[in-house]
$ cat target.cif   # mmCIF, C-alpha atoms and all ligand atoms
data_start
loop_
_atom_site.label_atom_id
_atom_site.label_comp_id
_atom_site.auth_asym_id
_atom_site.auth_seq_id
_atom_site.Cartn_x
_atom_site.Cartn_y
_atom_site.Cartn_z
CA MET J 1 147.80 34.08 151.21
CA ALA J 2 144.34 32.75 150.39
CA SER J 3 141.64 35.35 150.70
CA ALA J 4 139.44 35.38 153.81
CA PRO J 5 135.96 33.86 153.50
CA PHE J 6 132.76 35.86 153.09
CA VAL J 7 130.14 36.23 155.83
CA THR J 8 127.46 34.36 153.85
CA PRO J 9 127.14 32.62 150.45
CA LEU J 10 125.15 35.64 149.25
CA ALA J 11 128.03 37.96 150.21
CA ALA J 12 130.40 35.71 148.26
CA GLU J 13 128.06 35.85 145.28
CA LEU J 14 127.86 39.65 145.41
CA ALA J 15 131.56 40.36 146.04
CA ASP J 16 132.80 40.56 142.43
CA ASP J 17 129.97 42.83 141.37
CA VAL J 18 130.46 45.15 144.37
CA LEU J 19 134.20 45.37 143.74
CA GLU J 20 133.89 45.94 139.98
CA ARG J 21 131.37 48.69 140.51
CA PHE J 22 133.38 50.27 143.30
CA LEU J 23 136.57 50.39 141.20
CA ARG J 24 134.65 51.90 138.28
CA TYR J 25 132.99 54.60 140.41
CA ALA J 26 136.14 55.42 142.41
CA ARG J 27 137.97 56.44 139.20
CA ILE J 28 135.40 59.15 138.43
CA ASP J 29 136.27 62.53 139.98
CA THR J 30 133.21 63.70 141.92
CA GLN J 31 134.77 66.15 144.36
CA ALA J 32 132.34 68.67 145.85
CA ASP J 33 133.32 72.34 146.25
CA GLY J 34 132.01 74.23 149.27
CA SER J 35 132.94 77.61 147.77
CA SER J 36 130.72 77.08 144.72
CA THR J 37 127.22 78.54 144.64
CA THR J 38 125.85 76.21 141.96
CA TYR J 39 123.81 73.08 142.57
CA PRO J 40 125.34 70.60 142.51
CA SER J 41 128.48 72.45 143.56
CA THR J 42 130.50 70.78 140.76
CA ALA J 43 129.09 69.53 137.45
CA LYS J 44 131.52 66.59 137.41
CA GLN J 45 129.53 64.85 140.17
CA LEU J 46 126.88 64.24 137.51
CA ASP J 47 129.35 62.17 135.45
CA LEU J 48 128.83 59.43 138.02
CA SER J 49 125.12 60.18 138.49
CA ARG J 50 124.48 59.74 134.75
CA LEU J 51 126.42 56.49 134.68
CA LEU J 52 124.31 55.24 137.60
CA VAL J 53 121.08 56.06 135.75
CA GLU J 54 122.32 53.97 132.82
CA GLU J 55 123.43 51.09 135.02
CA LEU J 56 120.15 51.10 136.98
CA ARG J 57 118.21 50.86 133.71
CA GLU J 58 120.50 48.05 132.55
CA VAL J 59 119.69 45.97 135.62
CA GLY J 60 115.97 46.58 135.13
CA LEU J 61 115.07 49.67 137.19
CA GLU J 62 113.48 51.24 134.15
CA ASP J 63 112.23 54.45 135.76
CA ALA J 64 115.75 55.55 136.80
CA THR J 65 116.03 59.30 136.36
CA LEU J 66 118.36 62.17 137.05
CA THR J 67 116.31 64.92 138.68
CA LYS J 68 116.90 68.54 137.78
CA HIS J 69 118.87 68.96 141.01
CA GLY J 70 121.18 66.06 140.24
CA TYR J 71 119.65 63.29 142.35
CA VAL J 72 119.34 59.80 140.90
CA PHE J 73 115.99 58.23 141.79
CA ALA J 74 114.86 54.74 140.76
CA THR J 75 112.31 52.11 141.80
CA LEU J 76 112.66 48.37 142.32
CA PRO J 77 109.04 47.17 142.56
CA GLY J 78 108.17 44.79 145.39
CA ASP J 79 105.33 43.71 147.67
CA PRO J 80 102.68 46.47 147.57
CA ALA J 81 101.64 45.58 151.17
CA ALA J 82 105.11 46.38 152.51
CA PRO J 83 106.35 49.90 153.29
CA VAL J 84 108.56 51.47 150.60
CA VAL J 85 112.22 51.29 151.69
CA GLY J 86 114.63 54.06 150.64
CA LEU J 87 118.32 53.24 150.06
CA LEU J 88 120.59 56.27 149.91
CA ALA J 89 124.23 57.02 149.26
CA HIS J 90 126.10 60.09 148.03
CA VAL J 91 128.19 60.30 144.84
CA ASP J 92 130.38 63.26 145.87
CA THR J 93 133.70 63.11 147.70
CA THR J 94 135.33 65.46 150.18
CA SER J 95 137.44 68.44 149.11
CA ASP J 96 139.92 67.76 151.97
CA THR J 97 142.01 65.40 149.81
CA PRO J 98 142.59 65.31 146.00
CA GLY J 99 139.82 63.43 144.19
CA ALA J 100 141.00 63.50 140.55
CA GLY J 101 143.00 60.68 138.97
CA VAL J 102 142.08 58.07 141.58
CA SER J 103 143.86 54.83 140.79
CA PRO J 104 142.56 52.15 143.16
CA ILE J 105 144.72 49.15 144.06
CA VAL J 106 143.39 45.79 145.29
CA HIS J 107 145.76 44.08 147.74
CA ARG J 108 144.57 40.47 147.59
CA GLY J 109 144.80 38.28 150.70
CA TYR J 110 146.33 40.92 152.97
CA ALA J 111 149.20 39.31 154.90
CA GLY J 112 149.36 41.73 157.82
CA ASP J 113 152.36 43.89 156.87
CA PRO J 114 152.30 47.67 156.58
CA ILE J 115 150.92 48.67 153.15
CA VAL J 116 153.18 51.27 151.48
CA LEU J 117 151.25 53.21 148.85
CA PRO J 118 153.31 53.21 145.63
CA GLY J 119 152.43 56.73 144.41
CA ASP J 120 153.83 58.30 147.62
CA SER J 121 155.89 55.98 149.79
CA SER J 122 155.50 58.33 152.77
CA ARG J 123 151.90 57.18 152.98
CA VAL J 124 151.65 53.88 154.78
CA LEU J 125 148.72 51.93 156.22
CA ASP J 126 150.25 50.58 159.38
CA PRO J 127 148.37 47.77 161.15
CA ALA J 128 150.17 48.77 164.37
CA GLU J 129 148.30 52.10 164.26
CA THR J 130 145.10 50.76 162.73
CA PRO J 131 143.58 47.87 164.69
CA GLU J 132 140.78 47.53 162.11
CA LEU J 133 143.40 46.73 159.47
CA ALA J 134 145.30 44.36 161.80
CA ALA J 135 142.01 42.50 162.24
CA ARG J 136 141.62 41.97 158.47
CA ILE J 137 144.39 39.56 157.65
CA GLY J 138 143.39 37.57 154.59
CA HIS J 139 140.97 40.24 153.40
CA ASP J 140 141.22 41.83 149.98
CA ILE J 141 142.05 45.46 150.80
CA VAL J 142 141.43 48.34 148.41
CA THR J 143 143.48 51.55 148.70
CA SER J 144 144.36 54.52 146.48
CA ASP J 145 147.92 54.77 145.13
CA GLY J 146 148.66 57.35 147.84
CA THR J 147 148.31 60.49 145.71
CA THR J 148 144.55 60.88 146.18
CA LEU J 149 141.72 59.76 148.42
CA LEU J 150 140.08 56.44 147.58
CA GLY J 151 136.49 57.64 147.70
CA ALA J 152 135.01 54.73 149.65
CA ASP J 153 133.08 57.57 151.29
CA ASP J 154 130.67 57.07 149.76
CA LYS J 155 131.27 55.10 146.58
CA ALA J 156 131.40 51.93 148.68
CA GLY J 157 127.80 52.70 149.68
CA VAL J 158 126.82 53.43 146.07
CA ALA J 159 128.39 50.17 144.83
CA GLU J 160 126.73 48.10 147.59
CA ILE J 161 123.26 49.48 146.87
CA MET J 162 123.78 48.93 143.13
CA ALA J 163 124.93 45.33 143.61
CA ALA J 164 122.06 44.62 146.03
CA VAL J 165 119.31 45.98 143.79
CA ALA J 166 120.87 44.29 140.73
CA TRP J 167 120.72 40.97 142.60
CA LEU J 168 117.12 41.56 143.71
CA ALA J 169 116.17 42.49 140.14
CA ARG J 170 117.72 39.21 138.90
CA ASN J 171 115.82 37.25 141.55
CA PRO J 172 112.21 38.48 141.24
CA ASP J 173 110.78 35.50 143.15
CA VAL J 174 112.45 36.55 146.40
CA PRO J 175 109.80 38.32 148.53
CA ARG J 176 110.86 41.93 148.99
CA ALA J 177 109.64 45.41 149.78
CA THR J 178 109.52 48.05 147.08
CA VAL J 179 112.83 49.92 147.05
CA ARG J 180 113.43 53.53 146.15
CA VAL J 181 117.07 54.14 145.33
CA GLY J 182 118.42 57.67 145.87
CA PHE J 183 121.93 58.86 145.04
CA THR J 184 122.55 62.38 146.31
CA VAL J 185 125.15 65.07 145.54
CA ASP J 186 127.06 67.50 147.78
CA GLU J 187 126.67 65.54 151.03
CA GLU J 188 130.25 66.41 151.99
CA ILE J 189 129.47 70.13 152.01
CA SER J 190 126.23 69.64 154.00
CA ARG J 191 123.98 70.43 151.04
CA GLY J 192 123.06 66.84 150.21
CA THR J 193 119.37 67.22 150.88
CA ASP J 194 118.85 70.91 150.05
CA HIS J 195 116.53 70.06 147.16
CA PHE J 196 115.54 66.53 148.18
CA ASP J 197 111.82 66.14 147.56
CA LEU J 198 110.50 63.62 150.11
CA GLU J 199 107.21 63.25 148.26
CA GLU J 200 108.89 62.55 144.95
CA PHE J 201 111.17 60.05 146.67
CA GLY J 202 108.13 58.39 148.20
CA ALA J 203 109.73 56.13 150.83
CA ALA J 204 108.21 55.41 154.25
CA LEU J 205 111.63 54.87 155.82
CA ALA J 206 115.18 54.92 154.52
CA TYR J 207 118.78 53.97 155.22
CA THR J 208 121.97 55.74 154.21
CA LEU J 209 124.85 53.43 153.32
CA ASP J 210 127.42 55.96 154.47
CA GLY J 211 128.82 54.51 157.69
CA SER J 212 132.24 53.06 158.17
CA GLY J 213 133.61 49.79 159.59
CA LEU J 214 131.80 46.45 159.62
CA GLY J 215 128.87 46.51 162.04
CA SER J 216 128.66 50.23 162.74
CA LEU J 217 125.04 51.35 163.05
CA GLU J 218 124.36 55.02 163.56
CA SER J 219 121.01 56.39 164.59
CA GLU J 220 122.25 59.49 166.38
CA SER J 221 124.17 62.41 164.92
CA PHE J 222 125.53 65.68 166.17
CA ALA J 223 123.25 68.68 166.34
CA ALA J 224 125.05 71.50 164.59
CA LYS J 225 125.20 75.29 164.53
CA GLU J 226 127.48 77.75 162.79
CA ILE J 227 128.45 80.92 164.65
CA VAL J 228 130.02 83.85 162.81
CA ILE J 229 131.61 86.48 165.04
CA THR J 230 132.36 89.76 163.30
CA ILE J 231 134.78 92.12 165.05
CA ARG J 232 135.00 95.71 163.85
CA GLY J 233 138.04 97.68 164.90
CA ARG J 234 139.30 101.01 163.63
CA SER J 235 142.09 101.25 161.08
CA THR J 236 144.33 104.29 160.72
CA HIS J 237 147.69 104.89 159.12
CA PRO J 238 150.03 102.86 161.36
CA GLY J 239 152.52 105.77 161.40
CA SER J 240 150.05 107.98 163.25
CA ALA J 241 147.97 105.38 165.02
CA LYS J 242 148.86 105.95 168.65
CA GLY J 243 145.75 106.01 170.78
CA LYS J 244 143.49 105.61 167.73
CA LEU J 245 144.02 102.26 166.02
CA VAL J 246 141.85 99.36 167.20
CA ASN J 247 143.17 96.18 165.60
CA SER J 248 140.40 93.64 164.98
CA VAL J 249 142.99 90.98 164.03
CA LYS J 250 144.47 91.10 167.54
CA LEU J 251 141.02 91.08 169.11
CA ALA J 252 140.14 87.96 167.10
CA ALA J 253 143.35 86.29 168.29
CA ARG J 254 142.47 87.18 171.87
CA LEU J 255 139.00 85.68 171.54
CA ILE J 256 140.31 82.44 170.05
CA ASP J 257 143.00 82.27 172.71
CA SER J 258 140.37 82.52 175.44
CA LEU J 259 138.76 79.22 174.36
CA PRO J 260 139.47 76.27 176.70
CA ALA J 261 142.89 74.82 175.79
CA ASP J 262 142.39 71.18 176.79
CA SER J 263 138.72 70.52 176.11
CA LEU J 264 135.77 71.41 173.91
CA SER J 265 137.74 71.13 170.66
CA PRO J 266 137.64 68.45 167.93
CA GLU J 267 141.26 67.57 168.71
CA THR J 268 140.56 66.91 172.41
CA THR J 269 137.15 65.18 172.35
CA GLU J 270 135.56 61.89 171.28
CA GLY J 271 132.40 59.83 171.68
CA ARG J 272 129.60 62.00 172.99
CA GLU J 273 131.73 65.03 173.82
CA GLY J 274 130.84 68.12 171.82
CA PHE J 275 133.01 71.01 170.74
CA VAL J 276 133.41 74.60 169.57
CA HIS J 277 135.76 74.86 166.61
CA PRO J 278 137.14 78.03 164.97
CA ALA J 279 137.11 76.76 161.39
CA ARG J 280 138.00 79.91 159.46
CA VAL J 281 139.34 83.42 160.12
CA ARG J 282 139.25 86.23 157.58
CA GLY J 283 140.12 89.84 158.08
CA SER J 284 142.36 92.86 158.35
CA THR J 285 142.82 95.63 160.91
CA GLU J 286 139.39 97.14 160.33
CA GLU J 287 137.26 94.01 160.41
CA THR J 288 137.82 90.33 161.15
CA THR J 289 135.31 87.51 161.03
CA ILE J 290 135.73 84.16 162.74
CA THR J 291 133.54 81.28 161.62
CA PHE J 292 132.95 78.71 164.34
CA ILE J 293 131.13 75.45 164.20
CA ALA J 294 129.54 74.12 167.38
CA ARG J 295 128.59 70.45 167.69
CA ASP J 296 126.97 68.27 170.34
CA HIS J 297 124.61 65.30 170.54
CA ASP J 298 122.70 67.11 173.29
CA ASP J 299 120.70 70.24 172.40
CA ALA J 300 121.14 71.88 175.82
CA LYS J 301 124.90 71.40 175.65
CA LEU J 302 124.98 72.75 172.10
CA GLU J 303 123.17 75.84 173.38
CA ALA J 304 125.77 76.18 176.16
CA HIS J 305 128.56 76.11 173.55
CA VAL J 306 126.87 78.94 171.67
CA GLU J 307 126.42 80.85 174.95
CA LEU J 308 130.12 80.49 175.67
CA LEU J 309 130.93 82.24 172.40
CA ARG J 310 128.43 85.00 173.15
CA ARG J 311 130.06 85.52 176.54
CA LEU J 312 133.55 85.65 175.05
CA ALA J 313 132.29 88.20 172.52
CA ASP J 314 130.87 90.33 175.37
CA GLU J 315 134.14 90.10 177.25
CA LEU J 316 135.97 91.33 174.19
CA VAL J 317 133.86 94.49 174.16
CA GLU J 318 134.50 94.98 177.89
CA HIS J 319 138.21 94.71 177.17
CA GLU J 320 138.04 97.10 174.19
CA PRO J 321 134.88 99.21 174.29
CA ARG J 322 135.72 100.88 170.98
CA ALA J 323 135.32 97.58 169.16
CA ARG J 324 131.96 96.45 167.74
CA VAL J 325 131.33 92.73 167.97
CA GLY J 326 128.44 90.95 166.24
CA VAL J 327 127.42 87.33 166.78
CA ASN J 328 125.34 85.55 164.14
CA VAL J 329 124.11 82.01 164.85
CA GLU J 330 122.72 79.65 162.22
CA PHE J 331 121.12 76.25 162.68
CA GLN J 332 122.77 73.62 160.45
CA TYR J 333 121.19 70.28 161.36
CA GLY J 334 119.66 68.51 164.33
CA ASN J 335 120.43 65.20 166.05
CA MET J 336 118.54 62.63 164.01
CA GLY J 337 118.14 60.40 167.09
CA ARG J 338 114.89 61.96 168.28
CA ALA J 339 113.11 61.45 164.97
CA ILE J 340 114.40 57.88 164.59
CA ASP J 341 113.38 56.96 168.16
CA GLU J 342 109.76 57.49 167.14
CA HIS J 343 110.10 54.60 164.66
CA PRO J 344 111.94 51.87 166.58
CA ARG J 345 111.21 49.20 163.96
CA VAL J 346 113.46 51.01 161.46
CA VAL J 347 116.57 50.37 163.57
CA GLU J 348 115.34 46.93 164.71
CA ALA J 349 115.04 45.80 161.09
CA ALA J 350 118.62 46.91 160.45
CA VAL J 351 119.78 44.99 163.52
CA ASP J 352 117.98 41.87 162.19
CA ALA J 353 119.61 42.31 158.77
CA TYR J 354 123.08 42.65 160.32
CA ARG J 355 122.57 39.46 162.33
CA ARG J 356 121.37 37.53 159.27
CA VAL J 357 124.79 38.12 157.73
CA GLY J 358 126.50 37.26 161.01
CA VAL J 359 127.47 40.81 161.91
CA GLU J 360 126.87 42.16 165.42
CA PRO J 361 125.76 45.82 165.31
CA VAL J 362 127.93 48.39 167.07
CA PHE J 363 125.92 51.48 167.95
CA GLU J 364 127.94 54.65 167.50
CA PRO J 365 126.80 58.25 167.78
CA ILE J 366 127.96 60.02 164.60
CA ARG J 367 130.42 62.84 165.25
CA GLY J 368 129.06 64.74 162.29
CA GLY J 369 125.91 64.72 160.24
CA THR J 370 124.70 62.73 157.27
CA ASP J 371 122.00 63.15 154.67
CA GLY J 372 119.94 61.20 157.21
CA SER J 373 120.20 63.97 159.80
CA ARG J 374 117.99 66.32 157.89
CA LEU J 375 115.79 63.68 156.25
CA SER J 376 114.99 62.21 159.70
CA ALA J 377 114.13 65.65 161.06
CA GLU J 378 111.84 66.19 158.07
CA GLY J 379 109.92 62.97 158.77
CA LEU J 380 111.82 60.24 156.88
CA PRO J 381 113.55 58.13 159.58
CA THR J 382 116.99 57.39 158.10
CA PRO J 383 119.67 55.64 160.18
CA ASN J 384 123.16 55.15 158.75
CA LEU J 385 124.55 51.68 157.99
CA PHE J 386 128.11 50.39 157.55
CA THR J 387 129.86 50.21 154.17
CA GLY J 388 133.19 48.63 155.13
CA GLY J 389 135.17 51.76 154.21
CA GLN J 390 137.75 53.10 156.70
CA ASP J 391 139.83 56.22 157.42
CA TYR J 392 137.60 58.44 155.35
CA HIS J 393 138.79 61.72 153.82
CA SER J 394 142.46 60.71 153.95
CA TYR J 395 145.13 59.52 151.51
CA THR J 396 145.19 56.26 153.44
CA GLU J 397 141.47 55.59 153.12
CA TRP J 398 140.83 51.87 152.56
CA ALA J 399 138.05 49.32 152.27
CA SER J 400 137.82 45.56 152.70
CA VAL J 401 136.13 43.70 149.83
CA GLN J 402 134.83 41.12 152.32
CA ASP J 403 133.22 43.89 154.40
CA MET J 404 131.76 45.65 151.35
CA ALA J 405 130.25 42.34 150.23
CA ALA J 406 128.84 41.87 153.74
CA ALA J 407 127.19 45.30 153.47
CA ALA J 408 125.64 44.46 150.09
CA ALA J 409 124.31 41.12 151.43
CA MET J 410 122.97 42.92 154.51
CA VAL J 411 121.06 45.36 152.24
CA VAL J 412 119.43 42.43 150.40
CA GLU J 413 118.38 40.93 153.76
CA LEU J 414 117.00 44.28 154.90
CA VAL J 415 114.79 44.62 151.83
CA LYS J 416 113.54 41.06 152.38
CA ILE J 417 112.83 41.71 156.08
CA TRP J 418 110.50 44.61 155.29
CA ALA J 419 108.40 42.32 153.08
CA GLU J 420 108.25 39.61 155.75
CA GLU J 421 106.91 42.02 158.32
CA PRO J 422 104.63 44.54 156.76
CA ALA J 423 104.28 46.01 160.23
CA ALA J 424 103.87 49.65 161.06
CA VAL J 425 106.93 51.80 160.46
ZN ZN H 501 129.91 60.10 153.41
#
$ encode --input "target.cif" --output "structure tokens"
Amino acid sequence: MASAPFVTPLAAELADDVLERFLRYARIDTQADGSSTTYPSTAKQLDLSRLLVEELREVGLEDATLTKHGYVFATLPGDPAAPVVGLLAHVDTTSDTPGAGVSPIVHRGYAGDPIVLPGDSSRVLDPAETPELAARIGHDIVTSDGTTLLGADDKAGVAEIMAAVAWLARNPDVPRATVRVGFTVDEEISRGTDHFDLEEFGAALAYTLDGSGLGSLESESFAAKEIVITIRGRSTHPGSAKGKLVNSVKLAARLIDSLPADSLSPETTEGREGFVHPARVRGSTEETTITFIARDHDDAKLEAHVELLRRLADELVEHEPRARVGVNVEFQYGNMGRAIDEHPRVVEAAVDAYRRVGVEPVFEPIRGGTDGSRLSAEGLPTPNLFTGGQDYHSYTEWASVQDMAAAAAMVVELVKIWAEEPAAV
């Protein structure tokens, strides 16, 4: 089948470069490790970061540098009257799915059949279960071989930014804003901006290229807290434990069992519904800790989720007064929507850029956070734009070349728009 057309001539022009870069970056293992205490969490992420510094210099962004914390920063000079536009993506991949030995496959001119991945024939992309795939007949579809993730999250975003700035650098007469490129590490373990220096980055506004399907535009994220409940029981020799032993493992099971069964969990909610999620349990008779994450787009509701856990902890002590139960709550990130709302032009410009490449924006509240969540809260409004990648964090992750090219063309338009309208951010 002949391949599907591109959204604009510019997208067609950028497609080969985006795909080549994407395939090159996807093969580099950049898996993050949440159990590591180093920064970045794995040194191998820098293999890609260093390559990006080289490639940025090759296309003419001469000041490209790797900061001591592993960020890649670079400048594409533009109109000094326009605000400086930040373009961000993350080099790391999730630890949920293997990230070493990625062997991407390009399925040209997708004909609409199920795609069986050759490295593990039990992994199939079935258009009957994936309407986004069914809608992409004729597209060139990239997958892994089924034994690893693909890494479109977020190497699609990295490749699109690279192709867009390379094009802008080759076309210096096109009016454009100054761009600051930023490639971060450890986004997948929520440490992507731990050492991000906003002053050094120097942008007035920014966009992450870390969204998913064509058209998605995200300017709201979850607000997030982590709640660790520590239950202390009393261990004795089980042979002489009658009337003495207080088993914290059983108390932890009781607490988890008292959560609502049909609501308030990741597996029973969608859209704007929040949840309380027991993510990890560790312990033995004497002491058990349960690590929960609580998520909601609404701060008051997030607080109610935390209160629910406090109440369940109190009830546990009422049930077993000999137990000691501690509740420790930590803020993780806020909903970026409030900060972005103060700068409406930032989202409006993205909407204009989408429409210039013929893509209608679909506003979706993120059920998670991004690097933009914290950056927005810290004063750099940073909505999240589509990359064309789909089914992130899975063996069946995939991306359409046509959609990735649309994203790269949209980024070029966005940088042009900010030079046309040097209006207030
Ligand atoms: Zn991502």
$ atom_distance --input "target.cif" --atom1 "atom CA of Ser394 of chain J" --atom2 "atom CA of His107 of chain J"
18.1 Å
$ closest_residue --input "target.cif" --among "J:Val84, J:Leu209, J:Leu150, J:Ala26" --to "ligand ZN 501 (chain H)" --atoms "only C-alpha atoms and all ligand atoms"
J:Leu209
$ residues_near_ligand --input "target.cif" --ligand "ligand ZN 501 (chain H)" --cutoff "9 Å" --atoms "only C-alpha atoms and all ligand atoms" --output "mmCIF file with C-alpha atoms, in the coordinates of the input"
data_model
loop_
_atom_site.group_PDB
_atom_site.id
_atom_site.type_symbol
_atom_site.label_atom_id
_atom_site.label_comp_id
_atom_site.auth_asym_id
_atom_site.auth_seq_id
_atom_site.Cartn_x
_atom_site.Cartn_y
_atom_site.Cartn_z
ATOM 1 C CA ALA J 89 124.230 57.020 149.260
ATOM 2 C CA HIS J 90 126.100 60.090 148.030
ATOM 3 C CA VAL J 91 128.190 60.300 144.840
ATOM 4 C CA ASP J 92 130.380 63.260 145.870
ATOM 5 C CA THR J 93 133.700 63.110 147.700
ATOM 6 C CA THR J 94 135.330 65.460 150.180
ATOM 7 C CA ALA J 152 135.010 54.730 149.650
ATOM 8 C CA ASP J 153 133.080 57.570 151.290
ATOM 9 C CA ASP J 154 130.670 57.070 149.760
ATOM 10 C CA LYS J 155 131.270 55.100 146.580
ATOM 11 C CA GLY J 157 127.800 52.700 149.680
ATOM 12 C CA GLU J 187 126.670 65.540 151.030
ATOM 13 C CA GLU J 188 130.250 66.410 151.990
ATOM 14 C CA LEU J 209 124.850 53.430 153.320
ATOM 15 C CA ASP J 210 127.420 55.960 154.470
ATOM 16 C CA GLY J 211 128.820 54.510 157.690
ATOM 17 C CA SER J 212 132.240 53.060 158.170
ATOM 18 C CA THR J 370 124.700 62.730 157.270
ATOM 19 C CA ASP J 371 122.000 63.150 154.670
ATOM 20 C CA TYR J 392 137.600 58.440 155.350
#
$ axis_aligned_box --input "target.cif" --around "segment 186-204 of chain J" --padding-each-side "6 Å" --output "lines of an AutoDock Vina configuration file"
center_x = 118.7
center_y = 63.2
center_z = 149.6
size_x = 35.0
size_y = 27.5
size_z = 21.3
$ atom_distance --input "target.cif" --atom1 "atom CA of Arg272 of chain J" --atom2 "atom CA of Pro365 of chain J"
7.0 Å
$ closest_residue --input "target.cif" --among "J:His139, J:Lys68, J:Lys244, J:His277" --to "Pro5 of chain J" --atoms "all atoms listed in the file"
J:His139
$ residues_near_point --input "target.cif" --point "(130.3, 49.4, 155.1)" --cutoff "9 Å" --atoms "all atoms listed in the file" --output "list in words"
Ala152, Ala156, Gly157, Glu160, Leu209, Asp210, Gly211, Ser212, Gly213, Leu214, Gly215, Ser216, Leu385, Phe386, Thr387, Gly388, Gly389, Gln390, Ala399, Ser400, Asp403, Met404, Ala405, Ala406, Ala407 and Ala408 of chain J
$ atom_distance --input "target.cif" --atom1 "atom CA of Pro278 of chain J" --atom2 "atom CA of Ile256 of chain J"
7.4 Å
$ residues_around --input "target.cif" --residues "Gly86 of chain J" --least-positions-apart "5" --cutoff "6 Å" --atoms "all atoms listed in the file" --output "list in words"
Val179, Arg180, Val181, Ala203 and Ala206 of chain J
$ closest_residue --input "target.cif" --among "J:Gly358, J:Gly78, J:Pro175, J:Gly326" --to "Gly233 of chain J" --atoms "only C-alpha atoms"
J:Gly326
$ closest_residue --input "target.cif" --among "J:Met410, J:Leu309, J:Ala377, J:Leu198" --to "Glu360 of chain J" --atoms "all atoms listed in the file"
J:Met410
$ residues_around --input "target.cif" --residues "Leu88 of chain J" --least-positions-apart "6" --cutoff "6 Å" --atoms "only C-alpha atoms" --output "PDB file with C-alpha atoms, in the coordinates of the input"
ATOM      1  CA  GLY J 182     118.420  57.670 145.870  1.00  0.00           C
ATOM      2  CA  PHE J 183     121.930  58.860 145.040  1.00  0.00           C
ATOM      3  CA  THR J 208     121.970  55.740 154.210  1.00  0.00           C
TER       4      THR J 208
END
$ residues_around --input "target.cif" --residues "Thr147 of chain J" --least-positions-apart "4" --cutoff "9 Å" --atoms "all atoms listed in the file" --output "JSON, numbers by chain"
{"J": [97, 98, 101, 102, 103, 117, 118, 119, 120, 123, 395]}
$ build_atoms --input "target.cif" --residues "segment 331-341 of chain J" --atoms "N, CA, C and O atoms" --output "mmCIF file, in the frame of the given file"
data_model
loop_
_atom_site.group_PDB
_atom_site.id
_atom_site.type_symbol
_atom_site.label_atom_id
_atom_site.label_comp_id
_atom_site.auth_asym_id
_atom_site.auth_seq_id
_atom_site.Cartn_x
_atom_site.Cartn_y
_atom_site.Cartn_z
ATOM 1 N N PHE J 331 121.392 77.679 162.516
ATOM 2 C CA PHE J 331 121.120 76.250 162.680
ATOM 3 C C PHE J 331 121.614 75.510 161.443
ATOM 4 O O PHE J 331 121.357 75.934 160.328
ATOM 5 N N GLN J 332 122.344 74.408 161.614
ATOM 6 C CA GLN J 332 122.770 73.620 160.450
ATOM 7 C C GLN J 332 121.998 72.306 160.333
ATOM 8 O O GLN J 332 121.385 72.040 159.325
ATOM 9 N N TYR J 333 122.030 71.492 161.367
ATOM 10 C CA TYR J 333 121.190 70.280 161.360
ATOM 11 C C TYR J 333 121.004 69.799 162.784
ATOM 12 O O TYR J 333 121.760 70.170 163.680
ATOM 13 N N GLY J 334 119.960 68.995 162.991
ATOM 14 C CA GLY J 334 119.660 68.510 164.330
ATOM 15 C C GLY J 334 120.130 67.073 164.517
ATOM 16 O O GLY J 334 120.501 66.403 163.555
ATOM 17 N N ASN J 335 120.109 66.611 165.748
ATOM 18 C CA ASN J 335 120.430 65.200 166.050
ATOM 19 C C ASN J 335 119.282 64.340 165.533
ATOM 20 O O ASN J 335 118.142 64.503 165.960
ATOM 21 N N MET J 336 119.599 63.423 164.618
ATOM 22 C CA MET J 336 118.540 62.630 164.010
ATOM 23 C C MET J 336 117.946 61.604 164.984
ATOM 24 O O MET J 336 116.921 60.993 164.686
ATOM 25 N N GLY J 337 118.572 61.418 166.147
ATOM 26 C CA GLY J 337 118.140 60.400 167.090
ATOM 27 C C GLY J 337 116.687 60.547 167.530
ATOM 28 O O GLY J 337 115.958 59.561 167.596
ATOM 29 N N ARG J 338 116.256 61.764 167.795
ATOM 30 C CA ARG J 338 114.890 61.960 168.280
ATOM 31 C C ARG J 338 113.856 61.485 167.271
ATOM 32 O O ARG J 338 112.893 60.811 167.610
ATOM 33 N N ALA J 339 114.072 61.837 166.003
ATOM 34 C CA ALA J 339 113.110 61.450 164.970
ATOM 35 C C ALA J 339 113.114 59.937 164.756
ATOM 36 O O ALA J 339 112.066 59.325 164.543
ATOM 37 N N ILE J 340 114.308 59.331 164.836
ATOM 38 C CA ILE J 340 114.400 57.880 164.590
ATOM 39 C C ILE J 340 113.799 57.095 165.753
ATOM 40 O O ILE J 340 113.163 56.054 165.553
ATOM 41 N N ASP J 341 113.948 57.633 166.981
ATOM 42 C CA ASP J 341 113.380 56.960 168.160
ATOM 43 C C ASP J 341 111.874 56.757 168.045
ATOM 44 O O ASP J 341 111.317 55.839 168.650
#
